[in-house]
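So this block is coords_25.txt, compact mmCIF, C-alpha atoms and all ligand atoms:
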```txt
# COMPACT_ATOMS: atom_id res chain seq x y z
CA MET A 1 0.00 0.00 0.00
CA ARG A 2 1.11 3.52 -0.74
CA LYS A 3 1.85 5.66 2.30
CA TYR A 4 0.22 9.07 2.18
CA LEU A 5 2.48 12.09 1.99
CA VAL A 6 1.35 15.40 3.44
CA ALA A 7 3.81 18.04 2.26
CA GLY A 8 3.96 21.71 3.16
CA ASN A 9 5.63 24.19 0.84
CA TRP A 10 6.38 27.29 2.91
CA LYS A 11 7.48 29.19 -0.21
CA MET A 12 9.28 32.50 0.51
CA ASN A 13 7.54 33.21 3.81
CA GLY A 14 8.59 33.98 7.35
CA THR A 15 11.64 35.17 9.21
CA LEU A 16 14.07 32.87 11.00
CA ASP A 17 12.12 33.39 14.25
CA GLU A 18 8.88 32.50 12.52
CA ALA A 19 10.41 29.42 10.91
CA VAL A 20 11.67 28.21 14.29
CA ASN A 21 8.35 28.97 15.91
CA LEU A 22 6.34 27.13 13.24
CA SER A 23 8.64 24.10 13.30
CA GLU A 24 8.42 23.88 17.08
CA LYS A 25 4.63 24.00 16.89
CA LEU A 26 4.59 21.35 14.16
CA ALA A 27 6.97 19.14 16.13
CA GLU A 28 4.44 19.27 18.96
CA ALA A 29 1.36 18.84 16.74
CA VAL A 30 2.39 16.19 14.20
CA GLY A 31 5.91 15.19 15.24
CA ASP A 32 4.98 11.65 16.21
CA TYR A 33 2.77 10.85 13.19
CA THR A 34 3.86 7.62 11.56
CA GLU A 35 0.68 6.53 9.73
CA VAL A 36 1.40 9.13 7.04
CA ASP A 37 4.60 10.87 5.99
CA ILE A 38 4.75 14.50 7.04
CA LEU A 39 7.09 16.74 5.09
CA ILE A 40 7.93 20.41 5.44
CA CYS A 41 9.82 22.46 2.85
CA PRO A 42 11.01 25.74 4.37
CA PRO A 43 13.02 28.44 2.59
CA ALA A 44 16.54 27.10 1.99
CA ILE A 45 18.18 29.46 4.46
CA ASP A 46 16.02 28.09 7.28
CA ILE A 47 16.68 24.42 6.54
CA PRO A 48 19.48 23.89 9.12
CA SER A 49 17.53 25.63 11.91
CA VAL A 50 14.30 23.81 11.10
CA SER A 51 16.23 20.55 10.92
CA PHE A 52 17.42 21.16 14.47
CA CYS A 53 13.91 21.98 15.71
CA ILE A 54 12.42 18.76 14.31
CA ARG A 55 15.40 16.52 15.14
CA ASN A 56 13.47 14.32 17.58
CA THR A 57 10.38 13.92 15.42
CA GLN A 58 9.17 11.87 12.46
CA ILE A 59 8.80 14.99 10.30
CA LYS A 60 10.77 14.93 7.08
CA LEU A 61 12.52 17.88 5.55
CA GLY A 62 12.61 19.03 1.96
CA ALA A 63 13.85 21.89 -0.19
CA GLN A 64 11.81 23.95 -2.64
CA ASN A 65 14.37 23.82 -5.43
CA MET A 66 17.83 22.51 -6.18
CA ASN A 67 20.58 22.94 -8.76
CA ALA A 68 21.58 19.90 -10.80
CA ASN A 69 25.32 20.54 -10.37
CA ALA A 70 27.48 19.47 -7.46
CA SER A 71 29.23 22.84 -7.10
CA GLY A 72 30.63 25.67 -9.15
CA ALA A 73 29.98 29.13 -10.53
CA PHE A 74 26.19 29.22 -10.15
CA THR A 75 25.51 32.39 -8.20
CA GLY A 76 22.52 32.14 -5.90
CA GLU A 77 22.01 28.41 -6.39
CA ILE A 78 22.01 25.50 -3.95
CA SER A 79 23.36 22.07 -4.82
CA TYR A 80 22.26 18.62 -3.77
CA ASN A 81 25.48 18.28 -1.78
CA MET A 82 24.36 21.19 0.38
CA LEU A 83 20.86 19.79 0.84
CA LYS A 84 21.84 16.18 1.36
CA PRO A 85 22.74 16.36 5.06
CA PHE A 86 19.27 17.73 5.86
CA CYS A 87 16.72 16.88 3.18
CA GLN A 88 15.00 13.67 2.13
CA TYR A 89 12.91 15.42 -0.53
CA VAL A 90 13.07 18.31 -2.98
CA ILE A 91 10.21 19.99 -4.82
CA LEU A 92 11.10 20.37 -8.49
CA GLY A 93 9.37 22.21 -11.30
CA HIS A 94 6.86 24.02 -9.12
CA SER A 95 4.71 26.22 -11.37
CA GLU A 96 6.19 29.32 -9.73
CA ARG A 97 9.66 28.13 -10.75
CA ARG A 98 8.38 27.40 -14.24
CA GLN A 99 6.39 30.60 -14.70
CA ILE A 100 8.37 33.23 -12.79
CA PHE A 101 11.89 31.86 -13.22
CA GLY A 102 11.48 30.27 -16.64
CA GLU A 103 12.39 26.71 -15.68
CA LYS A 104 11.92 24.33 -18.56
CA ASP A 105 11.13 20.63 -18.48
CA ALA A 106 14.65 19.72 -19.65
CA MET A 107 16.15 21.51 -16.65
CA ILE A 108 13.68 19.85 -14.30
CA ALA A 109 14.62 16.47 -15.78
CA GLU A 110 18.29 17.13 -15.05
CA LYS A 111 17.53 18.17 -11.50
CA ALA A 112 15.37 15.10 -10.99
CA ARG A 113 18.23 12.86 -12.12
CA ALA A 114 20.67 14.60 -9.78
CA ALA A 115 18.25 14.37 -6.86
CA VAL A 116 17.60 10.65 -7.32
CA ASP A 117 21.33 9.96 -7.73
CA ASN A 118 21.87 11.65 -4.38
CA GLU A 119 19.10 9.90 -2.51
CA ILE A 120 16.85 12.92 -2.38
CA THR A 121 13.33 12.06 -3.56
CA PRO A 122 12.11 14.62 -6.08
CA ILE A 123 8.51 15.79 -5.94
CA ILE A 124 7.97 16.72 -9.55
CA CYS A 125 5.18 19.23 -10.10
CA ILE A 126 3.08 19.38 -13.22
CA GLY A 127 -0.08 21.29 -14.03
CA GLU A 128 -1.94 23.30 -16.62
CA THR A 129 -2.86 26.99 -16.72
CA LEU A 130 -6.44 28.22 -16.58
CA GLU A 131 -6.33 28.99 -20.28
CA GLU A 132 -5.11 25.50 -21.13
CA ASN A 133 -7.72 24.01 -18.84
CA GLU A 134 -10.53 25.97 -20.45
CA ALA A 135 -9.30 24.98 -23.89
CA GLY A 136 -9.61 21.31 -22.87
CA LYS A 137 -5.84 20.79 -23.11
CA THR A 138 -5.15 19.46 -19.61
CA VAL A 139 -4.28 15.91 -20.63
CA GLU A 140 -2.14 17.05 -23.55
CA ILE A 141 -0.15 19.44 -21.33
CA LEU A 142 0.33 16.89 -18.57
CA ARG A 143 1.39 14.20 -20.99
CA PHE A 144 4.04 16.53 -22.41
CA GLN A 145 5.29 17.57 -18.96
CA LEU A 146 5.44 13.95 -17.80
CA GLU A 147 7.42 12.92 -20.84
CA GLU A 148 9.85 15.81 -20.82
CA SER A 149 10.45 16.40 -17.12
CA LEU A 150 10.91 12.67 -16.41
CA LYS A 151 13.12 12.07 -19.42
CA THR A 152 16.22 11.22 -17.39
CA LEU A 153 14.45 8.73 -15.13
CA THR A 154 13.93 4.99 -15.26
CA ALA A 155 11.68 2.49 -13.52
CA ASP A 156 14.39 2.12 -10.84
CA ASP A 157 13.98 5.70 -9.65
CA GLU A 158 11.72 6.65 -6.79
CA ILE A 159 9.89 9.91 -7.32
CA VAL A 160 6.69 11.61 -6.24
CA ILE A 161 4.49 13.41 -8.76
CA ALA A 162 2.34 16.37 -7.72
CA TYR A 163 -0.52 17.52 -9.90
CA GLU A 164 -0.91 21.21 -9.25
CA PRO A 165 -3.32 22.95 -11.60
CA ILE A 166 -2.00 26.50 -11.83
CA TRP A 167 -5.51 27.95 -11.63
CA ALA A 168 -5.91 26.36 -8.20
CA ILE A 169 -2.67 27.56 -6.62
CA GLY A 170 -3.19 30.33 -4.11
CA THR A 171 -6.63 31.12 -5.52
CA GLY A 172 -8.78 29.46 -2.88
CA LYS A 173 -10.39 27.52 -5.72
CA ALA A 174 -9.26 23.90 -5.45
CA ALA A 175 -10.03 21.25 -8.02
CA THR A 176 -13.00 19.14 -7.02
CA ALA A 177 -12.22 15.75 -5.54
CA GLU A 178 -13.63 14.21 -8.70
CA THR A 179 -11.36 16.23 -10.99
CA ALA A 180 -8.35 15.46 -8.81
CA GLN A 181 -9.18 11.75 -9.00
CA ASN A 182 -9.67 11.78 -12.76
CA VAL A 183 -6.43 13.60 -13.45
CA LEU A 184 -4.40 11.51 -11.00
CA ALA A 185 -5.83 8.32 -12.51
CA PHE A 186 -4.66 9.56 -15.91
CA ILE A 187 -1.17 10.24 -14.50
CA ARG A 188 -0.99 6.76 -12.96
CA GLU A 189 -2.09 5.17 -16.21
CA HIS A 190 0.52 7.17 -18.11
CA MET A 191 3.21 6.05 -15.67
CA LYS A 192 2.04 2.45 -15.97
CA ASN A 193 2.54 2.62 -19.71
CA LYS A 194 5.93 4.20 -19.19
CA PHE A 195 7.42 2.18 -16.31
CA GLY A 196 5.04 -0.76 -15.78
CA GLN A 197 2.27 -1.82 -13.43
CA VAL A 198 4.46 -2.43 -10.37
CA TYR A 199 5.94 1.05 -10.63
CA ALA A 200 2.53 2.66 -11.10
CA ASP A 201 1.13 0.78 -8.11
CA LYS A 202 3.93 2.07 -5.87
CA LEU A 203 4.08 5.63 -7.22
CA ARG A 204 2.80 8.33 -4.90
CA ILE A 205 0.83 11.04 -6.67
CA LEU A 206 -0.21 14.17 -4.79
CA TYR A 207 -2.76 16.86 -5.46
CA GLY A 208 -1.86 20.50 -4.76
CA GLY A 209 -3.72 23.80 -5.10
CA SER A 210 -5.82 25.49 -2.40
CA VAL A 211 -5.84 22.44 -0.14
CA LYS A 212 -7.27 23.34 3.26
CA PRO A 213 -8.76 21.53 6.25
CA SER A 214 -12.26 21.76 4.74
CA ASN A 215 -11.46 19.97 1.45
CA ALA A 216 -8.48 17.78 2.42
CA TYR A 217 -10.47 14.69 3.39
CA ASP A 218 -12.64 14.65 0.26
CA ILE A 219 -9.62 15.01 -1.98
CA MET A 220 -7.50 12.43 -0.16
CA SER A 221 -10.26 9.86 0.08
CA GLN A 222 -10.07 9.46 -3.71
CA LYS A 223 -8.51 6.23 -4.89
CA ASP A 224 -5.52 7.64 -6.76
CA VAL A 225 -4.73 10.55 -4.44
CA ASP A 226 -1.81 9.64 -2.17
CA GLY A 227 -1.49 12.92 -0.36
CA VAL A 228 -1.33 16.66 -0.84
CA LEU A 229 1.13 19.46 -1.45
CA VAL A 230 -0.03 22.39 0.63
CA GLY A 231 0.96 26.04 0.23
CA GLY A 232 -0.91 28.73 2.17
CA ALA A 233 -2.53 26.42 4.73
CA CYS A 234 0.78 24.88 5.79
CA LEU A 235 1.91 28.12 7.42
CA LYS A 236 -0.59 27.64 10.23
CA SER A 237 0.24 24.67 12.42
CA ASP A 238 -3.43 24.04 13.29
CA ASP A 239 -4.44 23.90 9.63
CA PHE A 240 -1.51 21.70 8.67
CA LYS A 241 -2.34 19.35 11.54
CA ALA A 242 -5.98 19.22 10.43
CA ILE A 243 -4.86 18.31 6.91
CA ALA A 244 -2.52 15.61 8.29
CA ASP A 245 -5.41 14.27 10.37
CA ALA A 246 -7.61 14.21 7.26
CA ALA A 247 -4.92 12.09 5.56
CA ILE A 248 -4.97 9.58 8.43
CA GLN A 249 -8.75 9.46 8.24
CA ALA A 250 -8.60 8.88 4.50
CA ILE A 251 -6.27 5.85 4.72
P1 LIG A 301 -1.68 26.79 -2.19
O1 LIG A 301 -0.31 26.44 -2.90
O2 LIG A 301 -2.00 25.65 -1.26
O3 LIG A 301 -1.43 28.07 -1.46
O4 LIG A 301 -2.71 26.92 -3.25
C1 LIG A 301 -0.05 25.14 -3.34
C2 LIG A 301 1.33 25.03 -3.93
O5 LIG A 301 1.79 25.97 -4.58
O6 LIG A 301 2.00 24.01 -3.75
```

Could you show the structure in this file as structure tokens?
Amino acid sequence: MRKYLVAGNWKMNGTLDEAVNLSEKLAEAVGDYTEVDILICPPAIDIPSVSFCIRNTQIKLGAQNMNANASGAFTGEISYNMLKPFCQYVILGHSERRQIFGEKDAMIAEKARAAVDNEITPIICIGETLEENEAGKTVEILRFQLEESLKTLTADDEIVIAYEPIWAIGTGKAATAETAQNVLAFIREHMKNKFGQVYADKLRILYGGSVKPSNAYDIMSQKDVDGVLVGGACLKSDDFKAIADAAIQAI
């Protein structure tokens, strides 16, 4: 059975004090959860401090981005070697990275390869814009992103895929549970054709985009939904706990 993953993407929010405060609250609230995997992805600069705050808990730590190179002249970037001592996961190809910073699928594919080679599980984000959605192009866009951003990977590589429709991110307007299920079923089928049934059965696929305590259970009780990637609601420990509880309920 696939273990649910409840992941929080803090994005570029909070000061060091706030990061410490939130991690201490989360350590208290969900630190001993073992039925589902709990993951937090703070801003890179806070990773060592947060790592210290959650050291005696089950909470896993991830980064929001990563460079595909080990080291070198890449001003402002962070390599897997720097993340490795702290992080089990890294979010790659988030729509904000794609849209604001111009990340292309080929770059995401390289990063995914580097992450897997360094025992950091990549959470690869895919999703369509509102315009593409309204034009009925969702499947076409996702198929392309799956092909291109997973190009460097094989059936031996453990990854997580997050479906994050861009129109649902930060808008308060989540996909319905039914839509999430339909799209995630398509992704699983695509991955079955690519890497085989065993791989598809083990693959964790998340939904992300305006997940909150009030819709988390409905979304996660769908057959192909193995967890959520949470933005806004993960900055409040009570909300993140409620979403983690919804995941346990949905098992
Ligand atoms: P949101 O963000 O929950 O604030 O919509 C989701 C995400 O960007 O991962």

Write out as JSON, numbers by chain each polymer residue whose atoms come within 10 Å of A:Gly102, counting only C-alpha atoms; drop sequence neighbours fewer than 6 positions from it. {"A": [93, 95, 96]}

Near A:Met220, within 12 Å and counting only C-alpha atoms, which residues show up once chain neighbours fewer than 2 positions away are dropped, as a ChimeraX atom specification? /A:3-6,36,176-178,180-181,184,205-208,211-218,222-229,243-251

Selected residues written out with C-alpha atoms, as an mmCIF file, in the coordinates of the input:
```cif
data_model
loop_
_atom_site.group_PDB
_atom_site.id
_atom_site.type_symbol
_atom_site.label_atom_id
_atom_site.label_comp_id
_atom_site.auth_asym_id
_atom_site.auth_seq_id
_atom_site.Cartn_x
_atom_site.Cartn_y
_atom_site.Cartn_z
ATOM 1 C CA LYS A 3 1.850 5.660 2.300
ATOM 2 C CA TYR A 4 0.220 9.070 2.180
ATOM 3 C CA LEU A 5 2.480 12.090 1.990
ATOM 4 C CA VAL A 6 1.350 15.400 3.440
ATOM 5 C CA VAL A 36 1.400 9.130 7.040
ATOM 6 C CA THR A 176 -13.000 19.140 -7.020
ATOM 7 C CA ALA A 177 -12.220 15.750 -5.540
ATOM 8 C CA GLU A 178 -13.630 14.210 -8.700
ATOM 9 C CA ALA A 180 -8.350 15.460 -8.810
ATOM 10 C CA GLN A 181 -9.180 11.750 -9.000
ATOM 11 C CA LEU A 184 -4.400 11.510 -11.000
ATOM 12 C CA ILE A 205 0.830 11.040 -6.670
ATOM 13 C CA LEU A 206 -0.210 14.170 -4.790
ATOM 14 C CA TYR A 207 -2.760 16.860 -5.460
ATOM 15 C CA GLY A 208 -1.860 20.500 -4.760
ATOM 16 C CA VAL A 211 -5.840 22.440 -0.140
ATOM 17 C CA LYS A 212 -7.270 23.340 3.260
ATOM 18 C CA PRO A 213 -8.760 21.530 6.250
ATOM 19 C CA SER A 214 -12.260 21.760 4.740
ATOM 20 C CA ASN A 215 -11.460 19.970 1.450
ATOM 21 C CA ALA A 216 -8.480 17.780 2.420
ATOM 22 C CA TYR A 217 -10.470 14.690 3.390
ATOM 23 C CA ASP A 218 -12.640 14.650 0.260
ATOM 24 C CA GLN A 222 -10.070 9.460 -3.710
ATOM 25 C CA LYS A 223 -8.510 6.230 -4.890
ATOM 26 C CA ASP A 224 -5.520 7.640 -6.760
ATOM 27 C CA VAL A 225 -4.730 10.550 -4.440
ATOM 28 C CA ASP A 226 -1.810 9.640 -2.170
ATOM 29 C CA GLY A 227 -1.490 12.920 -0.360
ATOM 30 C CA VAL A 228 -1.330 16.660 -0.840
ATOM 31 C CA LEU A 229 1.130 19.460 -1.450
ATOM 32 C CA ILE A 243 -4.860 18.310 6.910
ATOM 33 C CA ALA A 244 -2.520 15.610 8.290
ATOM 34 C CA ASP A 245 -5.410 14.270 10.370
ATOM 35 C CA ALA A 246 -7.610 14.210 7.260
ATOM 36 C CA ALA A 247 -4.920 12.090 5.560
ATOM 37 C CA ILE A 248 -4.970 9.580 8.430
ATOM 38 C CA GLN A 249 -8.750 9.460 8.240
ATOM 39 C CA ALA A 250 -8.600 8.880 4.500
ATOM 40 C CA ILE A 251 -6.270 5.850 4.720
#
```

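Where the distance criterion is 8 Å and the atoms used are all atoms listed in the file, the residues close to ligand LIG 301 (chain A) are Gly8, Asn9, Lys11, His94, Ser95, Glu96, Glu164, Ala168, Ile169, Gly170, Thr171, Gly172, Ala174, Gly208, Gly209, Ser210, Val211, Lys212, Leu229, Val230, Gly231, Gly232, Ala233 and Cys234 of chain A.
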
Atom pair atom CA of A:Ile78 + atom CA of A:Val116, distance 15.9 Å

Quick one: everything within 9 Å of A:Asn13, counting all atoms listed in the file, minus sequence neighbours fewer than 3 positions away in the same chain. Send it as a PDB file with C-alpha atoms, in the frame of the given file.
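Saved file selection.pdb follows:
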```pdb
ATOM      1  CA  TRP A  10       6.380  27.290   2.910  1.00  0.00           C
ATOM      2  CA  GLU A  18       8.880  32.500  12.520  1.00  0.00           C
ATOM      3  CA  ALA A  19      10.410  29.420  10.910  1.00  0.00           C
ATOM      4  CA  PRO A  42      11.010  25.740   4.370  1.00  0.00           C
ATOM      5  CA  PRO A  43      13.020  28.440   2.590  1.00  0.00           C
ATOM      6  CA  LEU A 235       1.910  28.120   7.420  1.00  0.00           C
TER       7      LEU A 235
END
```

Residue contacts of stretch 147-150 of chain A (7 Å, all atoms listed in the file) excluding same-chain residues fewer than 4 positions away, as a PDB file with C-alpha atoms, keeping the file's coordinate frame:
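And here's part-v5.pdb as it stands now:
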```pdb
ATOM      1  CA  ASP A 105      11.130  20.630 -18.480  1.00  0.00           C
ATOM      2  CA  ALA A 106      14.650  19.720 -19.650  1.00  0.00           C
ATOM      3  CA  ILE A 108      13.680  19.850 -14.300  1.00  0.00           C
ATOM      4  CA  ALA A 109      14.620  16.470 -15.780  1.00  0.00           C
ATOM      5  CA  ARG A 143       1.390  14.200 -20.990  1.00  0.00           C
TER       6      ARG A 143
END
```

I need the residue nearest A:Ile59 from this list: A:Ser79, A:Ser71, A:Ser23, A:Ser237. Use only C-alpha atoms for the distance. A:Ser23
